[in-house]
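*Asks:* The structure file final.txt (compact mmCIF, C-alpha atoms and all ligand atoms) is provided below.
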```txt
# COMPACT_ATOMS: atom_id res chain seq x y z
CA MET A 1 -16.35 -0.48 -18.81
CA PHE A 2 -13.46 1.87 -18.30
CA LYS A 3 -13.95 5.31 -16.92
CA LYS A 4 -11.60 7.98 -17.97
CA ARG A 5 -8.80 8.63 -15.53
CA MET A 6 -9.58 11.66 -13.41
CA LEU A 7 -6.84 14.21 -13.72
CA LEU A 8 -6.41 16.06 -10.48
CA PHE A 9 -4.01 18.91 -10.58
CA PRO A 10 -1.84 18.39 -7.56
CA SER A 11 -1.70 22.11 -6.75
CA VAL A 12 -0.41 23.15 -3.36
CA PHE A 13 -1.27 19.93 -1.58
CA ALA A 14 1.90 18.19 -2.67
CA LEU A 15 3.99 21.16 -1.69
CA ALA A 16 3.28 20.26 1.91
CA LEU A 17 5.76 17.45 1.44
CA THR A 18 9.04 19.19 1.71
CA ALA A 19 12.49 18.32 2.83
CA CYS A 20 12.75 16.46 6.09
CA ALA A 21 14.82 18.21 8.71
CA GLY A 22 13.39 16.47 11.71
CA HIS A 23 14.35 14.27 14.59
CA HIS A 24 16.25 11.09 13.87
CA TYR A 25 14.61 8.03 15.40
CA GLU A 26 15.95 4.50 15.74
CA SER A 27 14.58 1.66 13.63
CA LYS A 28 12.90 0.16 16.68
CA ASP A 29 10.79 3.30 17.06
CA TYR A 30 9.00 2.54 13.79
CA ILE A 31 8.06 -1.05 14.62
CA LEU A 32 4.66 -2.32 15.77
CA GLU A 33 3.77 -5.92 16.51
CA LEU A 34 1.04 -8.45 15.85
CA ASN A 35 1.01 -12.19 16.43
CA TYR A 36 1.54 -14.48 13.47
CA LYS A 37 -0.71 -17.48 13.09
CA ASP A 38 -0.44 -20.22 10.48
CA ASN A 39 -1.62 -19.20 7.03
CA TYR A 40 -1.91 -15.54 7.98
CA ARG A 41 -4.39 -13.77 5.72
CA ILE A 42 -3.74 -10.19 4.62
CA LEU A 43 -6.52 -8.55 2.63
CA GLN A 44 -5.11 -5.89 0.32
CA LEU A 45 -7.61 -3.24 -0.73
CA SER A 46 -6.49 -0.37 -2.92
CA ASP A 47 -7.46 3.01 -4.28
CA THR A 48 -10.74 3.45 -2.45
CA HIS A 49 -10.69 7.22 -3.18
CA ILE A 50 -13.51 7.84 -0.69
CA GLY A 51 -14.84 11.41 -0.97
CA ASP A 52 -17.60 13.59 0.41
CA LYS A 53 -19.73 13.44 -2.72
CA ASP A 54 -19.89 9.66 -2.72
CA ASN A 55 -22.71 7.43 -1.65
CA THR A 56 -20.43 6.05 1.04
CA LYS A 57 -22.98 3.53 2.27
CA LEU A 58 -22.94 1.95 -1.17
CA HIS A 59 -19.13 1.71 -1.05
CA TYR A 60 -19.26 0.14 2.41
CA ASP A 61 -21.90 -2.36 1.34
CA PHE A 62 -19.73 -3.22 -1.64
CA MET A 63 -16.49 -3.59 0.31
CA ASP A 64 -18.36 -5.64 2.91
CA LEU A 65 -18.79 -8.39 0.30
CA THR A 66 -15.03 -8.62 -0.22
CA ILE A 67 -14.03 -8.27 3.44
CA LYS A 68 -16.43 -10.95 4.64
CA GLU A 69 -15.36 -13.34 1.89
CA ALA A 70 -11.69 -12.68 2.65
CA ASN A 71 -11.98 -13.36 6.39
CA PRO A 72 -8.68 -11.51 6.94
CA ASP A 73 -6.30 -11.38 9.87
CA LEU A 74 -5.19 -7.92 8.72
CA ILE A 75 -6.62 -5.40 6.25
CA VAL A 76 -4.15 -3.22 4.33
CA ILE A 77 -5.17 -0.34 2.05
CA THR A 78 -2.40 0.53 -0.39
CA GLY A 79 -3.06 4.22 -0.85
CA ASP A 80 -5.39 6.76 -2.40
CA VAL A 81 -7.69 6.03 0.50
CA PHE A 82 -9.38 9.44 0.22
CA THR A 83 -9.92 12.11 -2.39
CA PHE A 84 -11.80 15.33 -1.57
CA ALA A 85 -12.91 13.93 1.77
CA SER A 86 -13.64 15.91 4.94
CA ARG A 87 -12.89 14.89 8.51
CA GLY A 88 -16.35 13.43 9.00
CA THR A 89 -15.99 11.20 5.95
CA ALA A 90 -12.60 9.96 7.11
CA LYS A 91 -13.92 9.19 10.60
CA GLU A 92 -16.89 7.35 9.09
CA PHE A 93 -14.59 5.19 6.99
CA PHE A 94 -12.35 4.30 9.91
CA ASN A 95 -15.39 3.36 12.00
CA PHE A 96 -16.51 1.14 9.11
CA LEU A 97 -13.15 -0.65 9.17
CA ASP A 98 -13.28 -1.00 12.96
CA GLY A 99 -16.57 -2.83 12.58
CA TYR A 100 -14.83 -6.01 11.42
CA GLY A 101 -12.90 -6.39 14.67
CA VAL A 102 -9.62 -7.16 12.90
CA PRO A 103 -6.48 -5.02 12.69
CA TRP A 104 -6.27 -2.66 9.75
CA THR A 105 -3.68 -0.30 8.38
CA LEU A 106 -2.88 1.81 5.34
CA VAL A 107 -0.29 3.75 3.43
CA PHE A 108 -0.86 7.02 1.63
CA GLY A 109 -1.15 7.54 -2.11
CA ASN A 110 -0.63 10.63 -4.21
CA HIS A 111 -4.26 11.74 -3.72
CA ASP A 112 -4.59 11.45 0.05
CA GLU A 113 -3.58 15.06 0.61
CA GLN A 114 -6.26 16.31 -1.80
CA CYS A 115 -8.77 16.45 1.03
CA TYR A 116 -10.31 18.94 3.44
CA PHE A 117 -7.90 18.04 6.23
CA SER A 118 -4.16 18.00 6.72
CA ILE A 119 -2.13 14.82 6.54
CA ASP A 120 -1.10 15.45 10.15
CA TRP A 121 -4.73 15.53 11.25
CA LEU A 122 -5.31 12.32 9.34
CA THR A 123 -2.42 10.41 10.90
CA LYS A 124 -3.44 11.51 14.39
CA GLU A 125 -7.00 10.41 13.69
CA ILE A 126 -5.87 6.98 12.49
CA GLU A 127 -3.78 6.49 15.62
CA LYS A 128 -6.87 7.02 17.82
CA HIS A 129 -8.24 3.68 16.62
CA ASP A 130 -7.12 0.66 18.62
CA LEU A 131 -7.47 -1.62 15.60
CA ALA A 132 -5.38 0.68 13.40
CA ILE A 133 -1.85 -0.74 13.42
CA PHE A 134 -0.30 2.41 12.05
CA LYS A 135 2.48 4.76 13.01
CA ASP A 136 3.61 8.11 11.70
CA LEU A 137 6.49 9.77 13.52
CA ARG A 138 5.41 13.22 12.45
CA ASP A 139 8.59 15.02 13.53
CA ASP A 140 11.06 12.55 12.04
CA ASP A 141 13.69 13.11 9.38
CA ILE A 142 12.28 10.58 6.90
CA GLN A 143 10.26 11.72 3.89
CA GLY A 144 6.60 10.75 3.92
CA ASN A 145 3.87 10.06 6.42
CA SER A 146 3.37 6.31 6.51
CA ASN A 147 6.78 4.71 6.99
CA PHE A 148 6.58 1.98 9.63
CA ALA A 149 6.69 -1.78 10.08
CA ILE A 150 4.58 -4.48 11.66
CA ASN A 151 6.47 -7.47 12.98
CA LEU A 152 4.45 -10.66 12.88
CA LYS A 153 5.77 -12.47 15.93
CA ALA A 154 5.84 -16.20 16.60
CA GLY A 155 7.60 -17.94 19.47
CA GLY A 156 9.32 -14.75 20.58
CA LEU A 157 10.92 -14.17 17.18
CA VAL A 158 9.92 -12.09 14.20
CA PHE A 159 8.38 -14.55 11.77
CA GLU A 160 7.69 -12.05 8.98
CA GLN A 161 8.07 -8.30 8.77
CA LEU A 162 5.51 -6.14 6.99
CA ILE A 163 7.09 -2.90 5.80
CA PHE A 164 4.87 0.06 4.93
CA MET A 165 6.26 3.02 3.04
CA ASP A 166 4.97 6.32 1.72
CA SER A 167 5.73 6.53 -2.02
CA ASN A 168 5.07 10.30 -1.86
CA ARG A 169 3.02 12.46 -4.20
CA TYR A 170 4.38 14.48 -7.17
CA TYR A 171 7.76 15.43 -8.47
CA TYR A 172 8.48 18.99 -9.57
CA GLY A 173 12.12 18.72 -10.58
CA ASP A 174 13.51 18.05 -14.03
CA TYR A 175 10.16 16.55 -15.02
CA PHE A 176 6.65 16.79 -13.66
CA GLY A 177 5.13 13.51 -12.65
CA TYR A 178 4.74 11.01 -9.87
CA ASP A 179 7.25 11.12 -7.09
CA CYS A 180 9.57 8.36 -5.92
CA PHE A 181 11.09 7.07 -2.72
CA LYS A 182 13.80 9.38 -1.38
CA GLU A 183 17.34 8.46 -0.35
CA ASP A 184 16.48 8.85 3.33
CA GLN A 185 13.64 6.35 2.90
CA ILE A 186 15.91 3.87 1.14
CA ALA A 187 18.42 4.18 4.01
CA TRP A 188 15.52 3.78 6.47
CA TYR A 189 14.50 0.53 4.77
CA SER A 190 18.08 -0.75 4.81
CA ASP A 191 18.54 0.10 8.50
CA LEU A 192 15.20 -1.49 9.38
CA VAL A 193 16.08 -4.79 7.70
CA ASP A 194 19.53 -4.82 9.34
CA TYR A 195 18.11 -3.99 12.77
CA THR A 196 15.48 -6.71 12.50
CA LYS A 197 18.09 -9.22 11.44
CA ALA A 198 20.22 -8.36 14.46
CA GLN A 199 17.21 -8.66 16.76
CA ASN A 200 16.40 -12.06 15.29
CA GLY A 201 19.64 -13.84 16.11
CA GLY A 202 21.41 -12.68 12.97
CA LEU A 203 18.98 -14.39 10.64
CA VAL A 204 17.44 -12.34 7.83
CA VAL A 205 13.72 -11.94 8.45
CA PRO A 206 11.53 -12.38 5.36
CA SER A 207 9.52 -9.26 4.64
CA LEU A 208 6.68 -7.97 2.51
CA MET A 209 6.38 -4.35 1.42
CA PHE A 210 3.25 -2.28 0.92
CA TYR A 211 3.23 1.11 -0.80
CA HIS A 212 1.21 2.99 -3.42
CA ILE A 213 3.16 3.97 -6.55
CA PRO A 214 4.97 1.02 -8.13
CA LEU A 215 8.72 0.99 -8.57
CA PRO A 216 9.84 1.51 -12.19
CA GLU A 217 10.96 -2.13 -12.23
CA VAL A 218 7.31 -3.17 -12.46
CA ASN A 219 7.65 -2.61 -16.21
CA ASP A 220 10.68 -4.91 -16.32
CA ALA A 221 8.71 -7.49 -14.37
CA TRP A 222 5.81 -7.33 -16.80
CA ASN A 223 8.07 -7.51 -19.86
CA TYR A 224 9.92 -10.45 -18.33
CA ALA A 225 6.63 -12.23 -17.75
CA GLN A 226 5.69 -11.89 -21.43
CA LYS A 227 8.70 -14.01 -22.34
CA ASN A 228 8.57 -16.28 -19.28
CA PRO A 229 4.97 -17.31 -18.61
CA LEU A 230 5.98 -19.22 -15.50
CA ALA A 231 6.87 -15.89 -13.90
CA VAL A 232 3.18 -15.01 -13.75
CA VAL A 233 2.23 -16.01 -10.24
CA TYR A 234 -1.50 -15.54 -10.61
CA SER A 235 -3.05 -16.52 -13.90
CA GLU A 236 -5.71 -13.80 -14.02
CA GLY A 237 -3.22 -10.94 -14.17
CA VAL A 238 -4.06 -7.97 -16.34
CA MET A 239 -1.92 -5.06 -17.53
CA GLY A 240 -4.77 -2.82 -18.58
CA GLU A 241 -2.77 0.40 -18.68
CA ALA A 242 0.82 1.52 -18.76
CA ALA A 243 2.38 1.64 -15.31
CA CYS A 244 2.53 5.24 -14.07
CA CYS A 245 5.90 5.11 -12.33
CA PRO A 246 8.38 7.76 -11.34
CA GLU A 247 10.90 8.44 -14.07
CA HIS A 248 13.90 8.50 -11.80
CA ASP A 249 16.13 5.48 -11.47
CA HIS A 250 16.57 5.58 -7.74
CA HIS A 251 18.24 2.19 -7.23
CA PHE A 252 15.83 1.17 -4.47
CA PHE A 253 15.24 -2.18 -6.12
CA ASP A 254 18.99 -2.94 -6.05
CA VAL A 255 19.05 -2.24 -2.31
CA ILE A 256 15.99 -4.42 -1.79
CA LYS A 257 17.61 -7.32 -3.65
CA ASP A 258 20.93 -6.90 -1.80
CA LYS A 259 19.20 -7.24 1.56
CA HIS A 260 17.63 -10.63 0.69
CA SER A 261 14.64 -9.95 2.95
CA THR A 262 11.71 -8.71 0.87
CA HIS A 263 10.04 -11.42 -1.20
CA GLY A 264 6.76 -9.68 -2.01
CA MET A 265 5.88 -6.06 -2.88
CA TYR A 266 2.27 -4.91 -3.15
CA PHE A 267 1.05 -1.58 -4.46
CA GLY A 268 -1.84 0.12 -6.27
CA HIS A 269 -2.05 3.40 -8.21
CA ASP A 270 -2.81 1.97 -11.68
CA HIS A 271 -6.42 1.00 -11.21
CA ILE A 272 -6.87 -1.47 -14.02
CA ASN A 273 -3.69 -3.48 -13.52
CA ASN A 274 -3.86 -6.47 -11.20
CA PHE A 275 -1.07 -8.86 -12.17
CA ILE A 276 1.38 -10.65 -9.89
CA VAL A 277 4.74 -11.47 -11.42
CA LYS A 278 7.78 -13.04 -9.77
CA TYR A 279 10.77 -11.04 -10.95
CA GLU A 280 14.32 -11.34 -9.61
CA GLY A 281 12.91 -13.55 -6.84
CA ILE A 282 10.35 -11.00 -5.64
CA ASP A 283 6.60 -11.03 -6.22
CA PHE A 284 5.42 -7.74 -7.77
CA GLY A 285 1.71 -7.49 -7.02
CA TYR A 286 -0.71 -4.85 -8.26
CA GLY A 287 -3.63 -4.56 -5.86
CA ILE A 288 -7.26 -4.80 -6.86
CA LYS A 289 -9.30 -1.63 -6.78
CA ALA A 290 -11.79 -1.70 -3.91
CA THR A 291 -14.44 0.83 -5.05
CA ASP A 292 -15.79 2.26 -8.30
CA ARG A 293 -14.42 5.74 -7.62
CA VAL A 294 -12.44 7.61 -10.32
CA TYR A 295 -11.61 5.18 -13.17
CA TYR A 296 -11.88 1.43 -13.02
CA ASP A 297 -12.69 -1.80 -14.80
CA GLU A 298 -16.02 -3.18 -13.62
CA ALA A 299 -14.67 -6.72 -13.86
CA LEU A 300 -11.69 -5.91 -11.62
CA LEU A 301 -13.22 -4.58 -8.41
CA GLY A 302 -12.78 -6.24 -5.03
CA GLY A 303 -9.58 -7.16 -3.19
CA ARG A 304 -6.81 -9.72 -2.87
CA VAL A 305 -5.93 -12.05 -0.03
CA ILE A 306 -2.19 -12.63 0.44
CA THR A 307 -1.65 -15.68 2.61
CA ILE A 308 1.70 -16.31 4.33
CA ASP A 309 2.08 -20.01 5.03
CA PRO A 310 4.30 -21.46 7.79
CA LEU A 311 7.20 -21.87 5.32
CA HIS A 312 6.90 -18.25 4.15
CA GLY A 313 5.20 -19.33 0.95
CA LEU A 314 2.88 -16.72 -0.54
CA HIS A 315 -0.56 -17.62 -1.88
CA TYR A 316 -3.05 -15.35 -3.58
CA GLU A 317 -6.82 -15.21 -3.93
CA ASN A 318 -8.36 -12.54 -6.09
CA ILE A 319 -11.84 -11.63 -4.90
CA TYR A 320 -14.14 -9.84 -7.32
CA HIS A 321 -17.59 -8.41 -6.80
CA SER A 322 -19.99 -6.15 -8.63
CA TYR A 323 -21.89 -3.09 -7.39
CA ALA A 324 -24.96 -4.73 -8.91
CA GLU A 325 -24.89 -7.09 -5.93
CA VAL A 326 -25.56 -4.26 -3.49
CA LYS A 327 -27.79 -1.87 -5.45
FE FE B 401 -5.79 5.83 -7.34
```
Take the structure in this file and express it as structure tokens.
*Replies:*
Amino acid sequence: MFKKRMLLFPSVFALALTACAGHHYESKDYILELNYKDNYRILQLSDTHIGDKDNTKLHYDFMDLTIKEANPDLIVITGDVFTFASRGTAKEFFNFLDGYGVPWTLVFGNHDEQCYFSIDWLTKEIEKHDLAIFKDLRDDDIQGNSNFAINLKAGGLVFEQLIFMDSNRYYYGDYFGYDCFKEDQIAWYSDLVDYTKAQNGGLVVPSLMFYHIPLPEVNDAWNYAQKNPLAVVYSEGVMGEAACCPEHDHHFFDVIKDKHSTHGMYFGHDHINNFIVKYEGIDFGYGIKATDRVYYDEALLGGRVITIDPLHGLHYENIYHSYAEVK
């Protein structure tokens, strides 16, 4: 059953994201590290929308089914983690994640500032957790609050780079709608890939990207897949609603292709889409909604495991559960 999309007027929250006139950091300052092991398992959860009015224990019991089945090496939440949550609710959720004893991280979605705390408080709180592999350089000159990378290291080299980016909130310019990546973020991505290549003996390091709002090219990917069924990487894919993308053509995808590093991009935002399509050599993957908050499809709740094999092959397992299992 579908629930109607909750329309949340963005109000003043989004206005907190203004131009970035901050300190310029080097690419290396944004990089964290974890060790790669064969067939590394990343569990992508998305759009949890945890809020104060929820029965949070029920959400945790539900997510526990997916997390235990996934047996992940890293948990990634691709945005809209909270909506109308207070500090206590956020702390409770992070303690829940800590309970699995595996690294976890997240990026922000358009709703994460619609809470009873500031985004600065939230990023500081995340960084208190040893298992949170997260970094926000709060005084930097890059738009957004979750731009960083995790290098998966093997044998002293970077085996795979995981790039996390803040896709921002709302756009108030020549149209009103969802925001897009800014030019400084696109340059940041480009510099990061170049820096990592230089640090890795001049070899391009394969990378995966995680963010919240899909690039406009997700529509091209879907349309391409309708004519080329072999482009559909995972056979259960659903396009249950139109992709809510920014309207601006901001050429980020051209830069991504030119760098020949990123071979998978994973995002959320559109709760009842879950397809994975290979388009222009890059996997476009809609995450699976991890709770029944806001609007959802009851048959499409759970999470997805993205496995990176020793040859950089990507494998997917969609995990679905029902709240009926925990009520
Ligand atoms: Fe959402």
*Asks:* Near Gly99 (chain A), within 10 Å and counting all atoms listed in the file, which residues show up once chain neighbours fewer than 5 positions away are dropped, as an MDAnalysis selection string?
*Replies:* chainID A and resid 93:94 131
*Asks:* Ligand FE 401 (chain B): which residues are within 7 Å, counting only C-alpha atoms and all ligand atoms? Reply as a compact mmCIF listing (two decimals) with C-alpha atoms, keeping the file's coordinate frame.
*Replies:*
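Output file part-v1.txt is given in full below:
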```txt
# COMPACT_ATOMS: atom_id res chain seq x y z
CA ASP A 47 -7.46 3.01 -4.28
CA HIS A 49 -10.69 7.22 -3.18
CA ASP A 80 -5.39 6.76 -2.40
CA HIS A 269 -2.05 3.40 -8.21
CA ASP A 270 -2.81 1.97 -11.68
CA HIS A 271 -6.42 1.00 -11.21
```
*Asks:* I'd like to know which of A:Gly264, A:Gly303, A:Pro310, A:Gly88 is closest to Thr56 (chain A), using all atoms listed in the file.
*Replies:*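 Of the candidates, the smallest distance to Thr56 (chain A) is held by A:Gly88.
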*Asks:* Interatomic distance between CA of Glu217 (chain A) and CA of Gly285 (chain A)?
*Replies:* 11.9 Å
*Asks:* Nearest to Lys28 (chain A) among A:Trp188, A:Phe96, A:Phe82, A:Phe159, with distances taken over all atoms listed in the file: which residue is it?
*Replies:*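 Among the listed residues, A:Trp188 lies closest to Lys28 (chain A).
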*Asks:* Would you please work out which residue, of A:Ala90, A:Ile282, A:Leu152, A:Ile142, is nearest to Glu125 (chain A) when using only C-alpha atoms?
*Replies:*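 For Glu125 (chain A), the nearest of the given residues is A:Ala90.
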*Asks:* What separation in Å, quoted to one decimal, exists between CA of Ile186 (chain A) and CA of Ala221 (chain A)?
*Replies:*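 Atom-to-atom, CA of Ile186 (chain A) and CA of Ala221 (chain A) are spaced 20.5 Å apart.
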*Asks:* Residues at most 7 Å from Asp52 (chain A), counting only C-alpha atoms, excluding those fewer than 3 positions away in the same chain, as an MDAnalysis selection string?
*Replies:* chainID A and resid 84:86 89
*Asks:* Which one is closest to Gly156 (chain A): A:Leu203, A:Leu230, A:Thr66, A:Tyr36? Count only C-alpha atoms.
*Replies:*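 The answer is A:Tyr36, which sits nearest to Gly156 (chain A).
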*Asks:* For Thr291 (chain A), find every residue with an atom within 12 Å (counting only C-alpha atoms), except residues of its own chain fewer than 5 positions away, and show them as an MDAnalysis selection string.
*Replies:* chainID A and resid 45:51 54:66 77 80:82 271:272 296:303 320:323
*Asks:* Quick one: of A:Val204, A:Ile133, A:Val107, A:Val193, who's nearest to Asp166 (chain A), counting all atoms listed in the file?
*Replies:*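 Closest residue, counting all atoms listed in the file: A:Val107.
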*Asks:* Go ahead and find all residues with at least one atom no further than 12 Å from (8.6, -7.5, 8.6) in the file's coordinates, using all atoms listed in the file; report them as a VMD selection string.
*Replies:* chain A and resid 28 30 to 36 148 to 153 157 to 164 189 192 to 197 199 to 200 204 to 210 261 to 265 308 312
*Asks:* Calculated over all atoms listed in the file, which of the candidates A:Arg169, A:Lys278, A:Lys259, A:His23 has the smallest distance to Trp222 (chain A)?
*Replies:* A:Lys278
*Asks:* How many Å lie between CA of Ala324 (chain A) and CA of Arg293 (chain A), rounded to one decimal?
*Replies:*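 It comes out at 14.9 Å.
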*Asks:* Which neighbours of Gly237 (chain A) fall inside 7 Å, counting all atoms listed in the file, when residues of the same chain fewer than 2 positions from it are skipped, and could you give them as a list in words?
*Replies:*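 With the cut-off at 7 Å, the set is Tyr234, Ser235, Met239, Asn274, Phe275 and Ile276 of chain A.
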*Asks:* Residues near region 174-179 of chain A, anyone? I mean within 10 Å using all atoms listed in the file, not counting same-chain ones fewer than 2 positions away, as a PyMOL selection string.
*Replies:* chain A and resi 10+14+110+167-172+181-182+213+244-248
*Asks:* Compute the distance from (-14.6, -15.1, 5.3) to each atom, counting all atoms listed in the file, keep the residues with any atom at most 12 Å away, and return them as JSON, numbers by chain; use the coordinates of the file.
*Replies:* {"A": [41, 42, 43, 64, 65, 66, 67, 68, 69, 70, 71, 72, 73, 100, 305, 319]}
